[in-house]
>>> print(open('my_file.cif').read())   # mmCIF, C-alpha atoms
data_data
loop_
_atom_site.label_atom_id
_atom_site.label_comp_id
_atom_site.auth_asym_id
_atom_site.auth_seq_id
_atom_site.Cartn_x
_atom_site.Cartn_y
_atom_site.Cartn_z
CA MET A 1298 22.00 -35.85 19.59
CA ARG A 1299 23.93 -36.01 16.29
CA ASP A 1300 26.95 -33.65 16.51
CA ASN A 1301 24.99 -31.58 19.04
CA VAL A 1302 22.72 -30.30 16.27
CA ASN A 1303 19.46 -28.76 17.45
CA ILE A 1304 16.90 -27.91 14.78
CA LEU A 1305 14.11 -25.37 15.18
CA LEU A 1306 11.07 -26.75 13.35
CA VAL A 1307 8.40 -24.16 12.55
CA GLU A 1308 5.18 -25.80 11.38
CA ASP A 1309 1.58 -24.94 12.31
CA ASP A 1310 0.12 -28.34 11.33
CA PRO A 1311 0.51 -30.61 14.40
CA GLU A 1312 0.37 -33.85 12.39
CA ILE A 1313 3.04 -32.76 9.92
CA ALA A 1314 5.16 -31.43 12.79
CA ARG A 1315 4.89 -34.76 14.64
CA ILE A 1316 5.98 -36.74 11.58
CA LEU A 1317 8.95 -34.43 10.95
CA MET A 1318 9.99 -34.37 14.61
CA ASP A 1319 9.86 -38.15 14.95
CA HIS A 1320 11.90 -38.62 11.79
CA LEU A 1321 14.55 -36.03 12.61
CA ARG A 1322 14.94 -37.39 16.12
CA ARG A 1323 15.39 -40.90 14.72
CA GLU A 1324 18.14 -39.42 12.57
CA GLY A 1325 19.81 -38.22 15.76
CA TYR A 1326 18.93 -34.52 15.75
CA GLY A 1327 17.50 -32.48 18.58
CA VAL A 1328 14.25 -30.79 17.56
CA THR A 1329 12.31 -27.88 19.06
CA TRP A 1330 8.85 -27.34 17.61
CA ALA A 1331 7.16 -23.95 17.24
CA SER A 1332 3.60 -23.79 15.91
CA SER A 1333 3.47 -20.09 15.02
CA GLY A 1334 5.76 -17.46 13.58
CA LEU A 1335 5.82 -15.43 16.77
CA GLU A 1336 6.54 -18.48 18.91
CA SER A 1337 9.40 -19.47 16.61
CA TRP A 1338 10.95 -16.01 16.80
CA GLU A 1339 10.79 -16.10 20.61
CA ASP A 1340 12.31 -19.60 20.65
CA PHE A 1341 15.10 -18.60 18.29
CA ARG A 1342 16.09 -15.60 20.39
CA GLU A 1343 16.10 -17.65 23.59
CA GLY A 1344 17.69 -20.89 22.37
CA THR A 1345 20.71 -22.16 20.44
CA TYR A 1346 20.06 -23.77 17.07
CA GLN A 1347 22.17 -25.01 14.19
CA MET A 1348 19.34 -25.08 11.60
CA VAL A 1349 15.82 -23.78 11.03
CA LEU A 1350 13.09 -25.61 9.07
CA LEU A 1351 10.51 -22.93 8.39
CA ASP A 1352 6.99 -23.19 6.99
CA LEU A 1353 5.72 -20.11 5.15
CA MET A 1354 2.03 -19.99 6.02
CA LEU A 1355 2.03 -19.36 9.76
CA PRO A 1356 -0.26 -17.61 12.24
CA GLU A 1357 0.79 -14.38 14.01
CA MET A 1358 3.94 -13.84 11.89
CA ASP A 1359 4.49 -15.34 8.44
CA GLY A 1360 7.55 -17.30 7.43
CA PHE A 1361 8.97 -14.49 5.31
CA THR A 1362 9.03 -12.18 8.33
CA VAL A 1363 10.56 -14.85 10.56
CA CYS A 1364 13.27 -15.48 7.95
CA LYS A 1365 14.02 -11.78 7.65
CA ASN A 1366 14.30 -11.40 11.43
CA ILE A 1367 16.55 -14.44 11.83
CA ARG A 1368 18.86 -13.25 9.10
CA LEU A 1369 19.46 -10.00 10.98
CA ILE A 1370 21.24 -11.90 13.73
CA SER A 1371 22.27 -15.29 12.38
CA ASP A 1372 23.58 -17.04 9.26
CA ILE A 1373 22.76 -20.65 10.24
CA PRO A 1374 21.17 -22.83 7.53
CA LEU A 1375 17.50 -21.99 7.01
CA LEU A 1376 15.24 -24.17 4.83
CA MET A 1377 11.80 -22.95 3.84
CA MET A 1378 8.98 -25.47 3.48
CA SER A 1379 5.78 -24.64 1.64
CA ALA A 1380 2.95 -26.04 -0.47
CA ARG A 1381 3.16 -22.86 -2.53
CA ILE A 1382 4.91 -23.65 -5.80
CA GLU A 1383 4.86 -20.16 -7.31
CA GLU A 1384 8.28 -19.00 -8.43
CA GLU A 1385 7.60 -15.64 -6.80
CA SER A 1386 7.44 -17.23 -3.34
CA LYS A 1387 10.68 -19.12 -3.90
CA VAL A 1388 12.48 -16.05 -5.21
CA ARG A 1389 11.24 -13.95 -2.31
CA GLY A 1390 12.26 -16.54 0.27
CA LEU A 1391 15.73 -17.00 -1.18
CA GLY A 1392 16.06 -13.24 -1.52
CA LEU A 1393 15.42 -12.85 2.20
CA GLY A 1394 18.29 -15.20 2.96
CA ALA A 1395 16.82 -18.69 2.99
CA ASP A 1396 19.36 -21.32 1.94
CA ASP A 1397 16.86 -23.65 0.31
CA TYR A 1398 13.18 -24.01 -0.56
CA ILE A 1399 11.49 -27.41 -0.43
CA THR A 1400 7.99 -27.83 -1.83
CA LYS A 1401 5.35 -29.87 0.03
CA PRO A 1402 4.70 -32.72 -0.18
CA PHE A 1403 8.28 -33.95 0.04
CA SER A 1404 9.78 -37.26 1.08
CA LEU A 1405 11.52 -37.68 4.42
CA ALA A 1406 14.54 -39.00 2.54
CA GLU A 1407 14.77 -35.78 0.51
CA LEU A 1408 14.47 -33.68 3.65
CA THR A 1409 17.21 -35.66 5.38
CA ALA A 1410 19.52 -35.26 2.41
CA ARG A 1411 19.01 -31.50 2.32
CA VAL A 1412 19.49 -31.16 6.07
CA LYS A 1413 22.75 -33.10 5.97
CA SER A 1414 23.99 -31.20 2.93
CA HIS A 1415 23.38 -27.74 4.37
CA LEU A 1416 24.79 -28.59 7.77
CA SER A 1417 27.93 -29.99 6.15
CA ARG A 1418 28.34 -26.96 3.92
CA TYR A 1419 27.80 -24.55 6.80
CA ARG A 1420 30.46 -26.25 8.92
CA ARG A 1421 32.91 -26.22 6.02
CA TYR A 1422 32.54 -22.57 5.14
CA GLN A 1423 31.70 -21.10 8.52
CA GLY A 1424 33.90 -18.09 9.12
CA VAL A 1425 35.95 -17.53 12.25
CA LYS A 1426 34.31 -15.11 14.62
CA PRO A 1427 36.32 -12.04 15.54
CA GLU A 1428 37.99 -12.16 18.93
CA SER A 1429 36.67 -8.73 19.88
CA THR A 1430 33.24 -7.29 19.32
CA HIS A 1431 34.15 -3.88 20.75
CA HIS A 1432 33.60 -1.21 18.09
CA GLN A 1433 34.85 2.37 18.01
CA TYR A 1434 33.02 4.96 15.92
CA ASN A 1435 33.44 8.57 14.95
CA ASP A 1436 33.00 11.26 17.62
CA GLU A 1437 34.24 8.83 20.29
CA LEU A 1438 31.24 6.54 20.37
CA SER A 1439 32.10 3.06 21.66
CA ILE A 1440 29.76 0.04 21.54
CA ASP A 1441 30.66 -3.22 23.27
CA PRO A 1442 27.93 -5.83 22.53
CA PHE A 1443 29.59 -8.52 24.66
CA ASN A 1444 29.45 -6.43 27.83
CA GLN A 1445 26.39 -4.46 26.69
CA GLN A 1446 28.22 -1.20 27.26
CA VAL A 1447 27.99 2.11 25.42
CA GLN A 1448 30.40 4.97 26.01
CA ILE A 1449 30.91 8.45 24.59
CA ARG A 1450 34.34 9.99 25.22
CA GLY A 1451 34.94 7.32 27.84
CA GLU A 1452 31.77 8.06 29.78
CA ASP A 1453 29.13 5.35 30.20
CA VAL A 1454 25.74 5.92 28.57
CA VAL A 1455 22.94 4.18 30.47
CA LEU A 1456 20.33 2.76 28.08
CA THR A 1457 17.11 0.86 28.62
CA GLY A 1458 16.79 -2.64 27.20
CA LYS A 1459 14.81 -1.42 24.19
CA GLU A 1460 17.22 1.45 23.50
CA TRP A 1461 20.15 -0.96 23.65
CA ALA A 1462 18.40 -3.40 21.30
CA LEU A 1463 17.66 -0.61 18.81
CA LEU A 1464 21.24 0.68 18.86
CA THR A 1465 22.87 -2.72 18.46
CA LEU A 1466 20.48 -3.76 15.68
CA LEU A 1467 21.08 -0.56 13.71
CA SER A 1468 24.83 -0.46 14.29
CA SER A 1469 25.32 -4.11 13.35
CA HIS A 1470 23.87 -3.32 9.90
CA PRO A 1471 25.48 0.03 9.01
CA GLY A 1472 23.90 1.88 6.12
CA ARG A 1473 20.83 -0.34 6.00
CA ALA A 1474 17.51 1.49 6.25
CA PHE A 1475 15.12 -0.18 8.70
CA THR A 1476 11.44 0.64 8.60
CA LYS A 1477 9.71 1.34 11.89
CA ALA A 1478 7.71 -1.84 11.37
CA GLU A 1479 10.89 -3.91 11.05
CA LEU A 1480 12.37 -2.34 14.17
CA TYR A 1481 9.19 -2.96 16.13
CA GLU A 1482 8.94 -6.60 15.07
CA HIS A 1483 12.57 -7.27 15.92
CA VAL A 1484 12.97 -5.33 19.17
CA TRP A 1485 9.50 -5.74 20.66
CA ASN A 1486 9.27 -9.33 19.45
CA GLN A 1487 5.75 -9.02 18.07
CA PRO A 1488 4.03 -7.94 14.86
CA VAL A 1489 3.17 -4.30 14.36
CA ALA A 1490 -0.28 -3.27 15.53
CA GLY A 1491 -1.39 0.29 14.90
CA SER A 1492 0.89 3.26 15.30
CA SER A 1493 4.67 3.21 14.88
CA GLY A 1494 4.92 5.89 17.57
CA THR A 1495 6.52 3.49 20.06
CA VAL A 1496 9.62 3.18 17.89
CA THR A 1497 9.76 6.94 17.35
CA VAL A 1498 9.62 7.63 21.09
CA HIS A 1499 12.40 5.16 21.88
CA VAL A 1500 14.66 6.39 19.08
CA LYS A 1501 14.13 9.97 20.29
CA SER A 1502 15.15 8.93 23.81
CA LEU A 1503 18.18 7.00 22.47
CA ARG A 1504 19.31 10.00 20.46
CA ALA A 1505 18.94 12.30 23.46
CA LYS A 1506 21.15 10.06 25.59
CA LEU A 1507 23.76 9.87 22.84
CA GLY A 1508 23.56 13.60 22.18
CA ASP A 1509 22.78 12.91 18.53
CA GLU A 1510 20.89 15.73 16.82
CA PRO A 1511 18.20 14.50 14.38
CA HIS A 1512 18.90 17.34 11.91
CA GLN A 1513 22.69 16.86 12.04
CA PRO A 1514 23.05 13.17 12.92
CA ARG A 1515 26.42 11.64 13.68
CA TRP A 1516 25.19 8.08 14.15
CA ILE A 1517 21.42 7.58 13.69
CA GLN A 1518 19.89 9.09 10.57
CA THR A 1519 16.18 9.42 9.88
CA VAL A 1520 15.01 7.90 6.61
CA TRP A 1521 12.08 10.18 5.97
CA GLY A 1522 8.76 8.44 5.56
CA SER A 1523 10.29 5.09 6.46
CA GLY A 1524 12.50 4.65 9.51
CA TYR A 1525 16.17 4.90 10.49
CA ARG A 1526 19.69 3.84 9.56
CA PHE A 1527 23.06 3.83 11.32
CA ILE A 1528 25.63 6.07 9.65
CA GLY A 1529 28.45 5.92 12.20
CA GLU A 1530 31.94 5.48 10.77
CA VAL A 1531 33.94 2.55 12.16
CA LEU A 1532 37.45 3.60 13.22
CA GLU A 1533 40.45 1.33 12.78
#
>>> encode(input="my_file.cif", output="structure tokens")
Amino acid sequence: MRDNVNILLVEDDPEIARILMDHLRREGYGVTWASSGLESWEDFREGTYQMVLLDLMLPEMDGFTVCKNIRLISDIPLLMMSARIEEESKVRGLGLGADDYITKPFSLAELTARVKSHLSRYRRYQGVKPESTHHQYNDELSIDPFNQQVQIRGEDVVLTGKEWALLTLLSSHPGRAFTKAELYEHVWNQPVAGSSGTVTVHVKSLRAKLGDEPHQPRWIQTVWGSGYRFIGEVLE
């Protein structure tokens, strides 16, 4: 495998996927193929990838949603592929964090050039990760993502897996308002179907364990009519 690069290829057309996989593997890259948006999101969360090639028109979860979800947790190069040539689609994709947008049909030579270019640029400008991921917030809240530990005033707070996922997602993007639909898609790993009550119930339970009052929040604030945001203040 070239430089240990593994690419997640998201393409619902089996014939196109086969052609792209064969070519990329001949170029020395490892390739994992996902045929739907939901499958790709599951693969991304479970695997380790250095690049994503993402089609837009996908079953179960469209490419825009997959891109948005990936960008919440990763900054690896992401190239969108689509037969849609409308400027609106390109602007939307790039606005969600895609690094490039390549219009179908494209040549394999062009794809290879773009893959090499973005991988090279990412390596060159990749920032150094902080040595510690342990964060201290106001009112003695402590979140340690590495050890999956939450404490208040030195006492452990026992959270369920979903509560932990909600807290770490919100706290890793302070000030950003997440809709209930976004939270559901990210934490439950599936598109929203019906009521957003599941998110509400889990946030209520999370707040209760943290001792965070909804009407006077210290960490998790309700965005009325939409969802929630993390307002905790990071301490030096």
>>> closest_atom_pairs(input="my_file.cif", of="stretch 1322-1373 of chain A", to="stretch 1415-1422 of chain A", cutoff="8 Å", atoms="all atoms listed in the file", output="CSV")
residue,atom,partner,partner_atom,distance
A:Gln1347,CA,A:Leu1416,CA,7.8
A:Met1348,CA,A:Leu1416,CA,7.5
A:Ile1373,CA,A:Tyr1419,CA,7.2
>>> write_last_selection(input="my_file.cif", atoms="C-alpha atoms", output="JSON list (two decimals), keeping the file's coordinate frame")
[["chain", "number", "residue", "atom", "x", "y", "z"],
["A", 1347, "GLN", "CA", 22.17, -25.01, 14.19],
["A", 1348, "MET", "CA", 19.34, -25.08, 11.60],
["A", 1373, "ILE", "CA", 22.76, -20.65, 10.24]]
>>> residues_around(input="my_file.cif", residues="A:Glu1308", least_positions_apart="4", cutoff="10 Å", atoms="all atoms listed in the file", output="list in words")
Glu1312, Ile1313, Ala1314, Arg1315, Leu1317, Trp1330, Ala1331, Ser1332, Ser1333, Gly1334, Ser1337, Leu1350, Leu1351, Asp1352, Leu1353, Met1354, Leu1355, Pro1356, Gly1360, Met1378 and Ser1379 of chain A
>>> residues_around(input="my_file.cif", residues="A:Ala1380", least_positions_apart="3", cutoff="8 Å", atoms="only C-alpha atoms", output="ChimeraX atom specification")
/A:1400-1402
>>> atom_distance(input="my_file.cif", atom1="atom CA of A:Leu1335", atom2="atom CA of A:Asp1359")
8.4 Å
>>> residues_around(input="my_file.cif", residues="A:Gly1522", least_positions_apart="5", cutoff="12 Å", atoms="all atoms listed in the file", output="ChimeraX atom specification")
/A:1474-1478,1493,1497
>>> resolve_selection(input="my_file.cif", expression="the PyMOL selection byres ((chain A and resi 1517) around 6)", output="list in words")
Pro1514, Trp1516, Gln1518, Arg1526 and Phe1527 of chain A
>>> residues_around(input="my_file.cif", residues="A:Trp1485", least_positions_apart="4", cutoff="8 Å", atoms="all atoms listed in the file", output="ChimeraX atom specification")
/A:1459,1480-1481
>>> atom_distance(input="my_file.cif", atom1="atom CA of A:Val1447", atom2="atom CA of A:Glu1482")
23.4 Å
>>> closest_residue(input="my_file.cif", among="A:Leu1393, A:Gly1494, A:Asn1444, A:Tyr1525", to="A:His1470", atoms="only C-alpha atoms")
A:Tyr1525
>>> closest_residue(input="my_file.cif", among="A:Leu1507, A:Val1520, A:Val1500, A:Met1358", to="A:Asp1309", atoms="all atoms listed in the file")
A:Met1358
>>> residues_around(input="my_file.cif", residues="A:Lys1365", least_positions_apart="5", cutoff="10 Å", atoms="all atoms listed in the file", output="ChimeraX atom specification")
/A:1360,1370,1390,1392-1395,1479,1483
